[in-house]
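One file, input12.cif, carrying mmCIF, C-alpha atoms and all ligand atoms:
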data_input
loop_
_atom_site.label_atom_id
_atom_site.label_comp_id
_atom_site.auth_asym_id
_atom_site.auth_seq_id
_atom_site.Cartn_x
_atom_site.Cartn_y
_atom_site.Cartn_z
CA MET D 1 -11.32 -7.29 -23.43
CA PRO D 2 -9.84 -6.04 -20.15
CA ILE D 3 -12.70 -3.64 -19.45
CA GLU D 4 -15.87 -2.64 -21.18
CA PHE D 5 -17.49 0.78 -20.88
CA ARG D 6 -21.02 1.63 -21.95
CA ILE D 7 -22.70 5.01 -21.71
CA GLU D 8 -26.39 4.39 -21.11
CA THR D 9 -27.77 7.91 -20.64
CA ALA D 10 -26.36 11.33 -21.36
CA ARG D 11 -27.79 14.64 -20.20
CA GLY D 12 -25.88 17.67 -21.42
CA THR D 13 -22.25 16.93 -20.67
CA ALA D 14 -23.11 14.43 -17.89
CA ARG D 15 -23.28 10.72 -18.61
CA ALA D 16 -24.40 7.65 -16.69
CA GLY D 17 -23.06 4.28 -17.68
CA ARG D 18 -21.48 1.02 -16.72
CA LEU D 19 -17.85 0.01 -16.43
CA LEU D 20 -17.34 -3.72 -16.51
CA THR D 21 -14.04 -4.80 -14.96
CA PRO D 22 -12.74 -8.32 -14.24
CA HIS D 23 -13.90 -8.08 -10.60
CA ALA D 24 -17.01 -5.90 -10.64
CA GLU D 25 -19.57 -4.12 -12.69
CA ILE D 26 -19.46 -0.46 -11.74
CA GLU D 27 -22.17 2.10 -12.28
CA THR D 28 -20.72 5.44 -13.36
CA PRO D 29 -20.18 8.22 -12.44
CA VAL D 30 -18.54 6.55 -9.46
CA PHE D 31 -16.77 7.69 -6.33
CA MET D 32 -13.86 5.42 -5.33
CA PRO D 33 -12.88 5.26 -1.63
CA VAL D 34 -9.13 5.38 -1.07
CA GLY D 35 -7.47 2.35 0.54
CA THR D 36 -3.88 3.56 0.65
CA LEU D 37 -2.29 0.57 2.39
CA ALA D 38 -4.73 -2.13 1.25
CA SER D 39 -7.17 -0.76 3.80
CA VAL D 40 -9.75 1.99 3.60
CA LYS D 41 -8.82 3.46 6.97
CA GLY D 42 -11.31 2.75 9.73
CA ILE D 43 -13.69 0.55 7.75
CA ALA D 44 -13.81 -3.20 7.15
CA GLN D 45 -14.26 -4.74 3.73
CA ASP D 46 -17.67 -6.26 4.52
CA THR D 47 -18.97 -2.83 5.55
CA LEU D 48 -17.60 -1.29 2.36
CA GLU D 49 -19.55 -3.92 0.42
CA GLU D 50 -22.66 -3.11 2.42
CA LEU D 51 -22.27 0.59 1.57
CA GLY D 52 -22.21 -0.35 -2.09
CA ALA D 53 -18.57 0.46 -2.91
CA GLN D 54 -17.79 -1.33 -6.19
CA ILE D 55 -14.24 -0.12 -6.63
CA ILE D 56 -11.57 1.12 -4.25
CA LEU D 57 -8.06 2.51 -4.66
CA GLY D 58 -4.67 1.29 -3.52
CA ASN D 59 -1.47 3.36 -3.54
CA THR D 60 1.47 1.71 -5.26
CA TYR D 61 4.14 3.77 -3.49
CA HIS D 62 2.91 2.79 -0.03
CA LEU D 63 2.27 -0.87 -0.88
CA TYR D 64 5.65 -1.16 -2.60
CA LEU D 65 7.34 -0.03 0.62
CA ARG D 66 5.07 -2.03 2.94
CA PRO D 67 4.29 -4.95 2.80
CA GLY D 68 6.13 -5.10 -0.56
CA VAL D 69 4.83 -6.12 -3.99
CA GLU D 70 6.13 -9.69 -3.79
CA THR D 71 4.16 -10.40 -0.61
CA VAL D 72 0.96 -9.12 -2.19
CA ARG D 73 1.61 -10.99 -5.43
CA ARG D 74 2.02 -14.30 -3.61
CA MET D 75 -1.33 -13.73 -1.91
CA GLY D 76 -3.04 -13.54 -5.29
CA GLY D 77 -2.67 -9.79 -5.64
CA LEU D 78 -4.52 -7.14 -3.67
CA HIS D 79 -7.87 -8.90 -4.12
CA GLY D 80 -6.61 -12.00 -2.34
CA PHE D 81 -4.42 -10.17 0.15
CA MET D 82 -7.13 -7.84 1.47
CA ALA D 83 -10.05 -10.20 0.78
CA TRP D 84 -11.79 -7.68 -1.45
CA PRO D 85 -13.72 -9.36 -4.24
CA ARG D 86 -14.78 -6.24 -6.14
CA ALA D 87 -12.73 -3.93 -8.35
CA ILE D 88 -9.50 -2.16 -7.43
CA LEU D 89 -7.54 0.65 -9.07
CA THR D 90 -3.91 1.43 -8.22
CA ASP D 91 -2.14 4.70 -8.89
CA SER D 92 1.34 4.66 -10.42
CA GLY D 93 3.24 5.95 -7.40
CA GLY D 94 4.11 9.09 -9.37
CA PHE D 95 1.96 11.44 -7.33
CA GLN D 96 3.13 10.10 -3.98
CA VAL D 97 6.77 10.34 -5.02
CA PHE D 98 6.06 13.87 -6.24
CA SER D 99 4.72 14.70 -2.77
CA LEU D 100 8.05 13.73 -1.19
CA ASN D 101 9.64 17.00 -2.43
CA GLU D 102 13.10 17.07 -0.83
CA LEU D 103 13.44 13.31 -0.96
CA ARG D 104 13.33 12.81 -4.75
CA LYS D 105 15.41 13.29 -7.91
CA VAL D 106 13.81 13.14 -11.38
CA THR D 107 15.66 12.12 -14.57
CA GLU D 108 14.50 10.92 -17.99
CA GLU D 109 14.94 7.37 -16.77
CA GLY D 110 12.75 7.75 -13.68
CA VAL D 111 12.62 9.03 -10.12
CA THR D 112 15.02 8.26 -7.29
CA PHE D 113 13.43 8.81 -3.91
CA ARG D 114 13.89 8.11 -0.26
CA SER D 115 11.34 6.14 1.71
CA HIS D 116 9.37 8.26 4.19
CA LEU D 117 9.50 5.22 6.50
CA ASP D 118 13.22 4.63 6.92
CA GLY D 119 15.05 6.94 4.50
CA SER D 120 16.18 4.02 2.26
CA SER D 121 16.78 4.85 -1.41
CA HIS D 122 14.47 3.55 -4.18
CA PHE D 123 13.92 4.05 -7.89
CA PHE D 124 10.64 4.19 -9.83
CA SER D 125 10.50 4.22 -13.62
CA PRO D 126 7.57 3.64 -15.99
CA GLU D 127 8.74 0.02 -16.24
CA SER D 128 9.15 -0.59 -12.51
CA SER D 129 5.82 1.10 -11.75
CA MET D 130 4.12 -1.24 -14.24
CA GLU D 131 5.93 -4.22 -12.77
CA ALA D 132 4.73 -3.24 -9.29
CA GLN D 133 1.17 -2.58 -10.42
CA ILE D 134 0.96 -5.86 -12.33
CA GLY D 135 2.17 -7.64 -9.17
CA LEU D 136 -0.44 -5.83 -7.06
CA GLY D 137 -3.03 -6.98 -9.59
CA ALA D 138 -5.63 -4.20 -9.56
CA ASP D 139 -8.30 -4.21 -12.28
CA ILE D 140 -7.23 -0.77 -13.48
CA ILE D 141 -3.67 0.53 -13.25
CA MET D 142 -2.21 3.92 -14.12
CA ALA D 143 0.62 5.06 -16.39
CA PHE D 144 3.66 6.47 -14.59
CA ASP D 145 3.48 10.26 -14.85
CA GLU D 146 5.15 13.33 -13.49
CA CYS D 147 2.80 15.56 -11.55
CA THR D 148 3.80 19.17 -12.24
CA GLU D 149 4.07 21.33 -9.13
CA PHE D 150 2.00 24.48 -8.69
CA PRO D 151 2.88 27.17 -9.43
CA ALA D 152 5.23 26.42 -12.35
CA ASP D 153 6.30 28.48 -15.37
CA ARG D 154 5.27 27.47 -18.87
CA GLU D 155 8.63 26.05 -19.83
CA ARG D 156 8.60 23.80 -16.80
CA MET D 157 4.98 22.74 -17.42
CA ARG D 158 5.84 21.88 -21.05
CA ALA D 159 8.95 19.88 -20.16
CA SER D 160 7.01 17.98 -17.51
CA MET D 161 4.07 17.28 -19.85
CA GLU D 162 6.43 15.98 -22.55
CA MET D 163 8.20 13.71 -20.09
CA THR D 164 4.81 12.34 -18.99
CA ALA D 165 4.00 11.59 -22.65
CA ARG D 166 7.28 9.70 -23.12
CA TRP D 167 6.72 7.84 -19.86
CA ALA D 168 3.17 6.95 -20.96
CA ALA D 169 4.54 5.26 -24.10
CA ARG D 170 7.11 3.35 -22.00
CA SER D 171 4.39 2.37 -19.51
CA LYS D 172 2.21 0.97 -22.27
CA LYS D 173 5.05 -0.92 -23.91
CA TYR D 174 6.04 -2.64 -20.66
CA PHE D 175 2.41 -3.33 -19.75
CA GLU D 176 1.62 -4.94 -23.11
CA GLU D 177 4.65 -7.22 -22.80
CA HIS D 178 3.95 -8.26 -19.20
CA LYS D 179 0.21 -8.02 -18.55
CA HIS D 180 -0.17 -11.81 -18.59
CA GLU D 181 1.85 -11.88 -15.34
CA VAL D 182 -1.07 -10.55 -13.28
CA PRO D 183 -1.37 -12.85 -10.21
CA TRP D 184 -5.07 -13.60 -10.59
CA ASN D 185 -4.55 -14.91 -14.09
CA ALA D 186 -2.15 -17.70 -13.16
CA GLY D 187 -3.20 -20.75 -15.14
CA SER D 188 -6.35 -18.93 -16.07
CA GLY D 189 -8.95 -18.97 -18.75
CA LYS D 190 -10.90 -21.49 -16.70
CA ASN D 191 -13.77 -20.88 -14.37
CA HIS D 192 -12.03 -18.88 -11.72
CA VAL D 193 -10.83 -15.35 -12.08
CA GLY D 194 -9.46 -13.61 -9.06
CA THR D 195 -11.24 -16.01 -6.77
CA ALA D 196 -8.46 -18.48 -6.09
CA ALA D 197 -7.14 -16.76 -3.01
CA PHE D 198 -10.36 -15.83 -1.27
CA GLY D 199 -13.52 -17.74 -0.72
CA CYS D 200 -15.82 -14.89 0.19
CA ALA D 201 -19.33 -13.98 -0.66
CA GLY D 202 -18.33 -11.90 -3.66
CA GLU D 203 -17.11 -14.91 -5.55
CA ARG D 204 -20.23 -15.34 -7.56
CA GLU D 205 -20.42 -11.74 -8.69
CA VAL D 206 -16.73 -11.88 -9.62
CA ALA D 207 -17.23 -14.97 -11.69
CA GLY D 208 -20.32 -13.40 -13.20
CA ALA D 209 -18.57 -10.22 -14.23
CA ALA D 210 -15.65 -12.16 -15.62
CA ALA D 211 -17.90 -14.53 -17.51
CA GLU D 212 -19.74 -11.61 -19.06
CA LEU D 213 -16.41 -10.10 -20.07
CA ARG D 214 -15.37 -13.36 -21.68
CA SER D 215 -18.61 -13.67 -23.55
CA ALA D 216 -18.11 -10.16 -24.91
CA GLY D 217 -14.95 -11.14 -26.77
CA PRO D 218 -14.21 -13.68 -29.48
CA PRO D 219 -14.46 -17.30 -28.30
CA GLY D 220 -11.40 -18.56 -26.46
CA ALA D 221 -9.63 -15.20 -26.62
CA ALA D 222 -11.02 -13.46 -23.60
CA VAL D 223 -8.96 -14.03 -20.50
CA PRO D 224 -9.65 -10.97 -18.36
CA THR D 225 -6.59 -8.81 -17.82
CA GLN D 226 -5.81 -5.52 -16.18
CA SER D 227 -6.41 -2.24 -17.98
CA LEU D 228 -3.85 0.54 -18.16
CA PHE D 229 -5.15 4.13 -18.20
CA GLY D 230 -3.20 7.11 -19.54
CA ILE D 231 -2.89 10.37 -17.60
CA VAL D 232 -3.20 13.88 -19.02
CA GLN D 233 -0.88 16.46 -17.44
CA GLY D 234 0.12 19.96 -18.58
CA GLY D 235 -0.10 21.99 -15.39
CA MET D 236 -2.58 24.86 -15.36
CA ASP D 237 -2.17 25.67 -19.07
CA ARG D 238 -5.17 24.87 -21.26
CA GLU D 239 -3.12 24.58 -24.44
CA LEU D 240 -0.61 22.22 -22.84
CA ARG D 241 -3.49 20.17 -21.47
CA ARG D 242 -4.92 19.90 -24.97
CA GLU D 243 -1.58 18.80 -26.37
CA SER D 244 -1.11 16.31 -23.54
CA ALA D 245 -4.59 14.87 -24.18
CA LEU D 246 -3.89 14.46 -27.91
CA ARG D 247 -0.50 12.84 -27.34
CA THR D 248 -1.90 10.45 -24.73
CA ILE D 249 -4.81 9.50 -27.00
CA GLU D 250 -2.34 8.89 -29.82
CA ILE D 251 -0.54 6.30 -27.67
CA GLY D 252 -3.96 4.77 -27.04
CA PHE D 253 -5.49 3.66 -23.72
CA PRO D 254 -8.86 2.15 -22.72
CA GLY D 255 -9.43 5.07 -20.30
CA TYR D 256 -8.00 8.51 -19.57
CA ALA D 257 -7.28 10.32 -16.33
CA ILE D 258 -6.81 14.00 -15.62
CA GLY D 259 -3.91 14.28 -13.19
CA GLY D 260 -1.95 17.08 -11.60
CA LEU D 261 -4.90 18.95 -10.11
CA SER D 262 -5.76 19.70 -6.47
CA VAL D 263 -2.10 20.59 -5.94
CA GLY D 264 -2.78 23.94 -4.31
CA GLU D 265 -4.40 25.87 -7.16
CA PRO D 266 -7.65 27.84 -6.61
CA ARG D 267 -10.79 25.81 -7.10
CA GLU D 268 -12.04 27.91 -10.07
CA LEU D 269 -8.81 27.09 -11.90
CA THR D 270 -9.26 23.36 -11.20
CA ARG D 271 -12.73 23.51 -12.70
CA GLU D 272 -11.57 25.48 -15.73
CA ILE D 273 -8.78 22.99 -16.48
CA VAL D 274 -11.07 20.00 -15.96
CA GLU D 275 -13.73 21.43 -18.26
CA SER D 276 -11.31 22.33 -21.04
CA THR D 277 -9.44 19.01 -20.81
CA LEU D 278 -12.64 16.95 -20.95
CA GLU D 279 -13.41 18.47 -24.37
CA HIS D 280 -10.36 16.71 -25.81
CA LEU D 281 -10.99 13.25 -24.35
CA PRO D 282 -12.82 10.56 -26.35
CA ALA D 283 -16.51 10.41 -25.42
CA ASP D 284 -16.65 6.61 -25.50
CA LYS D 285 -13.86 6.00 -22.96
CA PRO D 286 -14.04 6.34 -19.16
CA ARG D 287 -12.67 9.61 -17.78
CA TYR D 288 -11.09 9.64 -14.36
CA LEU D 289 -10.44 12.84 -12.42
CA MET D 290 -7.76 12.08 -9.85
CA GLY D 291 -7.86 13.28 -6.25
CA VAL D 292 -11.04 15.38 -5.98
CA GLY D 293 -12.99 16.59 -4.04
CA THR D 294 -15.71 17.87 -1.69
CA PRO D 295 -19.28 16.54 -2.03
CA GLU D 296 -20.18 19.71 -3.97
CA GLU D 297 -17.23 19.21 -6.30
CA ILE D 298 -17.86 15.56 -7.11
CA VAL D 299 -21.41 16.49 -8.17
CA GLU D 300 -20.09 19.36 -10.25
CA TYR D 301 -17.47 17.22 -12.01
CA ALA D 302 -19.93 14.41 -12.68
CA ASN D 303 -22.15 17.00 -14.34
CA LEU D 304 -19.21 18.07 -16.51
CA GLY D 305 -18.80 14.49 -17.77
CA VAL D 306 -16.28 12.89 -15.39
CA ASP D 307 -16.98 9.17 -14.83
CA MET D 308 -14.61 8.27 -11.98
CA MET D 309 -13.29 10.17 -8.98
CA ASP D 310 -11.36 9.41 -5.81
CA CYS D 311 -10.44 11.43 -2.75
CA VAL D 312 -9.10 10.86 0.76
CA LEU D 313 -11.30 13.69 2.05
CA PRO D 314 -14.29 11.68 3.39
CA THR D 315 -12.10 9.20 5.29
CA ARG D 316 -9.47 11.69 6.45
CA ALA D 317 -12.05 14.28 7.56
CA ALA D 318 -13.97 11.55 9.42
CA ARG D 319 -10.92 10.74 11.51
CA HIS D 320 -10.75 14.42 12.45
CA GLY D 321 -14.40 14.54 13.44
CA LEU D 322 -15.47 16.48 10.36
CA LEU D 323 -18.67 15.07 8.91
CA PHE D 324 -20.45 15.84 5.67
CA THR D 325 -24.24 16.01 5.94
CA SER D 326 -27.23 17.17 3.91
CA GLU D 327 -27.30 20.21 6.18
CA GLY D 328 -23.65 21.09 5.67
CA LYS D 329 -20.45 20.21 7.49
CA VAL D 330 -20.63 19.14 11.12
CA SER D 331 -17.62 19.33 13.44
CA ILE D 332 -18.76 16.71 15.92
CA LYS D 333 -16.26 17.71 18.58
CA GLN D 334 -18.16 20.92 19.33
CA ALA D 335 -19.72 21.26 22.78
CA ARG D 336 -23.05 22.23 21.21
CA TYR D 337 -23.64 18.56 20.33
CA ALA D 338 -23.01 17.28 23.87
CA GLN D 339 -26.73 16.95 24.66
CA ASP D 340 -28.00 16.60 21.09
CA GLN D 341 -30.30 13.58 20.85
CA GLY D 342 -30.87 13.89 17.11
CA PRO D 343 -29.17 11.80 14.41
CA LEU D 344 -26.02 13.10 12.79
CA ASP D 345 -27.86 13.65 9.50
CA PRO D 346 -31.66 13.31 9.45
CA GLY D 347 -31.48 12.92 5.65
CA CYS D 348 -29.01 10.00 5.75
CA GLY D 349 -30.03 6.35 5.75
CA CYS D 350 -26.66 4.97 6.88
CA ARG D 351 -26.43 2.63 9.85
CA VAL D 352 -24.73 5.31 11.98
CA CYS D 353 -27.46 7.90 11.45
CA GLN D 354 -30.13 5.24 11.99
CA ARG D 355 -28.75 4.18 15.35
CA TYR D 356 -26.68 6.81 17.17
CA SER D 357 -27.20 10.34 18.46
CA ARG D 358 -24.96 13.33 17.86
CA ALA D 359 -24.35 13.40 21.63
CA TYR D 360 -22.97 9.86 21.56
CA LEU D 361 -20.78 10.50 18.50
CA ARG D 362 -19.48 13.66 20.16
CA HIS D 363 -18.70 11.73 23.33
CA LEU D 364 -16.82 9.02 21.40
CA TYR D 365 -14.74 11.63 19.61
CA ALA D 366 -14.02 13.66 22.74
CA SER D 367 -12.99 10.45 24.56
CA ASN D 368 -10.70 9.44 21.70
CA GLU D 369 -12.52 6.11 21.31
CA VAL D 370 -11.53 4.00 18.27
CA LEU D 371 -15.23 3.60 17.52
CA ALA D 372 -15.47 7.34 16.78
CA GLN D 373 -13.22 6.91 13.75
CA VAL D 374 -15.07 3.82 12.60
CA LEU D 375 -18.56 5.35 12.81
CA ASN D 376 -17.50 8.71 11.39
CA THR D 377 -15.87 6.97 8.43
CA ILE D 378 -18.94 4.83 7.75
CA HIS D 379 -21.15 7.92 7.65
CA ASN D 380 -18.85 10.05 5.48
CA LEU D 381 -18.27 7.31 2.92
CA SER D 382 -21.96 6.50 2.92
CA PHE D 383 -22.69 10.18 2.29
CA TYR D 384 -20.27 10.32 -0.66
CA LEU D 385 -21.52 7.06 -2.19
CA ASP D 386 -25.16 8.15 -1.74
CA THR D 387 -24.40 11.53 -3.27
CA MET D 388 -23.01 9.83 -6.36
CA ARG D 389 -25.95 7.39 -6.44
CA ARG D 390 -28.30 10.38 -6.56
CA VAL D 391 -26.27 12.00 -9.32
CA ARG D 392 -26.56 8.81 -11.41
CA HIS D 393 -30.27 8.69 -10.70
CA SER D 394 -30.71 12.32 -11.75
CA ILE D 395 -28.77 11.79 -14.98
CA ARG D 396 -30.94 8.77 -15.79
CA LEU D 397 -34.08 10.79 -15.13
CA GLY D 398 -32.75 13.63 -17.27
CA GLU D 399 -32.67 16.03 -14.36
CA GLU D 400 -30.08 18.57 -13.40
CA SER D 401 -28.47 17.39 -10.16
CA ARG D 402 -27.54 20.27 -7.93
CA PHE D 403 -25.78 19.51 -4.73
CA SER D 404 -28.19 21.10 -2.27
CA SER D 405 -31.35 19.62 -3.71
CA SER D 406 -29.85 16.28 -4.62
CA VAL D 407 -28.68 15.51 -1.11
CA ARG D 408 -31.93 16.55 0.52
CA SER D 409 -34.06 14.25 -1.57
CA ARG D 410 -34.79 10.75 -0.30
CA PRO D 411 -32.56 7.91 -1.47
CA GLU D 412 -33.65 6.19 -4.62
CA PRO D 413 -35.32 2.83 -4.03
ZN ZN D 501 -25.19 8.74 7.95
#
Output the file's structure as C-alpha cells, nothing else.
Ligand SMILES: [Zn+2]
Amino acid sequence: MPIEFRIETARGTARAGRLLTPHAEIETPVFMPVGTLASVKGIAQDTLEELGAQIILGNTYHLYLRPGVETVRRMGGLHGFMAWPRAILTDSGGFQVFSLNELRKVTEEGVTFRSHLDGSSHFFSPESSMEAQIGLGADIIMAFDECTEFPADRERMRASMEMTARWAARSKKYFEEHKHEVPWNAGSGKNHVGTAAFGCAGEREVAGAAAELRSAGPPGAAVPTQSLFGIVQGGMDRELRRESALRTIEIGFPGYAIGGLSVGEPRELTREIVESTLEHLPADKPRYLMGVGTPEEIVEYANLGVDMMDCVLPTRAARHGLLFTSEGKVSIKQARYAQDQGPLDPGCGCRVCQRYSRAYLRHLYASNEVLAQVLNTIHNLSFYLDTMRRVRHSIRLGEESRFSSSVRSRPEP
C-alpha cells in the first residue's frame, strides 16, 4: 500500500482522519505549507517540524528548471535533498505552466513552454511530468492536468476537461510502469525507507510510519511507494465537474484533487463548485482542494469535507507584512504599531507572539530586516496550522467549527 487513509470521525459533511504516507502520519483535514523550490520561503525545516507541519508541497515546474530533477534524484529525492523527513506532495507542473500564458503551447501530446528564468524551450507531457515527479520522490504526486482559464466558454471547458481525463489515464499508465524508480526505494524493502540520505531526528518516525505501512499489507509485498492522485477539472460548470469526477474515478486513484479553482473567479462560485464536486468524490478516499485559501476559507472547506489544502497565502502575505491573527488581519508596516508593546496576536501561542512586540516587528519590517520575513512567516504558518488543528479538534468533539470562535478559543492541549 502506498498510502492508507482512515476516517475516524465525521460530523455532517466534515471528517477528521489519518493519512498514512511513507514518510509521515498526517492528521486530516490538513493544511500543507508550500515549499516551491524545496524551501518554504523564510522558514527552516527544523522550525517547520516544531510548528507541527507533517506534509509540505514542492513545485515540479520550478524544481525541474532549478536545480533539475537529476540533481534532486541523486540526493535521494526531495526528502534527502532538503533534509525533510516528513511527507511531501509535488504538483504536476500543469498549473505553473498554465500560469505562463504567452510562453506556452498546448497540444494533445503535451505542453511546450519557455522557462521564465532564461527563455529556454521545454516540453511537459503526462509521461515527462510523472518521470520528473518520480525523480523528485514526493510521497504524493499529481496527475498532469490542464487548468482551464477563467472565464472560458462551455465548449472550451469541455475540451479542456476531456484532455485532462486522457492525460490522467496516460499519467497513471506511466506511473504504474515506473513507480519502482522512486529514489528512496533503491534496493529497498529492508529497514530503511527514505532515510538513506539524511540522518536527522525524523528518522525514527519515518521508519515507524513505513513499518506500519508494511505491516498493513500482505507479508513481503509492502515496499512503500509514491501515490498518484487524480485531478478533477471542468471549469466553473457543475455538470462538467461531475463528468470529470466520474471519468477520473473510473481511471482509479488512491486520492482525488479538485483543481482549476482560485483562478480569478468570485469566491461564492469557488465554494459552489467545490461543494458540488465533493458530492461526486468517493467518501473513503482523501480529497485535496488545490490552492486555497484564506484562514476563513480553509475552515469552510474543511467543514464541507475537504481533507487536504495548500496555499502560498500565509507565506507570501508574511513577506509583505500582512499577518493573520485571531483579531483579523494586521498590516504590521502601519505607523500605529510603532509604539505598540503588545504581542502580535494575544490569542496565538507561537514563539513570535510569545517573545516579540508589535513595535519590534513593525521596526524590523520598516527597516527591511531579513528577520522580519522569518518571524512573520513563522507566525502566519503557525496561525494556519493552529486553525486547522482546532478544526480537527472541533470535528472530533462533534462541534461546528466557525472561524471566529474557533480561532479565539485556546489551543487544544
Ligand atoms: Zn503567533
>> as a ChimeraX atom specification, please: every protein or nucleic acid residue near ligand ZN 501 (chain D) (cut-off 9 Å, counting all atoms listed in the file).
In response: /D:324-325,343-354,375-376,378-383
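If all atoms listed in the file are the atoms counted, then among D:Val232, D:Val391, D:Gly321, D:Thr315 the closest residue to Tyr288 of chain D is D:Val232.
Compared by their closest atoms to Gly68 of chain D, and using all atoms listed in the file, the residues D:Ile26, D:Ile395, D:Ala132, D:Met142 rank with D:Ala132 nearest.
Across the structure, atom CA of Phe144 of chain D and atom CA of Met130 of chain D are spaced 7.7 Å apart.
Straight-line separation from atom CA of Gly17 of chain D to atom CA of Ser244 of chain D: 25.7 Å.
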Because some atoms of segment 263-276 of chain D are absent here, can you restore N, CA and C atoms and send them as a compact mmCIF listing (two decimals), keeping the file's coordinate frame?
# COMPACT_ATOMS: atom_id res chain seq x y z
N VAL D 263 -3.46 20.49 -6.45
CA VAL D 263 -2.10 20.59 -5.94
C VAL D 263 -1.84 21.97 -5.35
N GLY D 264 -2.92 22.64 -4.96
CA GLY D 264 -2.78 23.94 -4.31
C GLY D 264 -3.34 25.10 -5.12
N GLU D 265 -3.84 24.81 -6.33
CA GLU D 265 -4.40 25.87 -7.16
C GLU D 265 -5.81 26.25 -6.67
N PRO D 266 -6.28 27.48 -7.01
CA PRO D 266 -7.65 27.84 -6.61
C PRO D 266 -8.67 26.94 -7.30
N ARG D 267 -9.79 26.75 -6.63
CA ARG D 267 -10.79 25.81 -7.10
C ARG D 267 -11.36 26.17 -8.48
N GLU D 268 -11.50 27.49 -8.76
CA GLU D 268 -12.04 27.91 -10.07
C GLU D 268 -11.11 27.45 -11.19
N LEU D 269 -9.80 27.50 -10.90
CA LEU D 269 -8.81 27.09 -11.90
C LEU D 269 -8.90 25.57 -12.13
N THR D 270 -9.10 24.80 -11.06
CA THR D 270 -9.26 23.36 -11.20
C THR D 270 -10.42 23.08 -12.15
N ARG D 271 -11.53 23.74 -11.89
CA ARG D 271 -12.73 23.51 -12.70
C ARG D 271 -12.50 23.87 -14.16
N GLU D 272 -11.83 25.01 -14.37
CA GLU D 272 -11.57 25.48 -15.73
C GLU D 272 -10.70 24.47 -16.50
N ILE D 273 -9.67 23.94 -15.82
CA ILE D 273 -8.78 22.99 -16.48
C ILE D 273 -9.51 21.67 -16.74
N VAL D 274 -10.31 21.24 -15.78
CA VAL D 274 -11.07 20.00 -15.96
C VAL D 274 -12.00 20.13 -17.17
N GLU D 275 -12.74 21.23 -17.20
CA GLU D 275 -13.73 21.43 -18.26
C GLU D 275 -13.06 21.48 -19.63
N SER D 276 -11.96 22.22 -19.73
CA SER D 276 -11.31 22.33 -21.04
C SER D 276 -10.63 21.03 -21.44
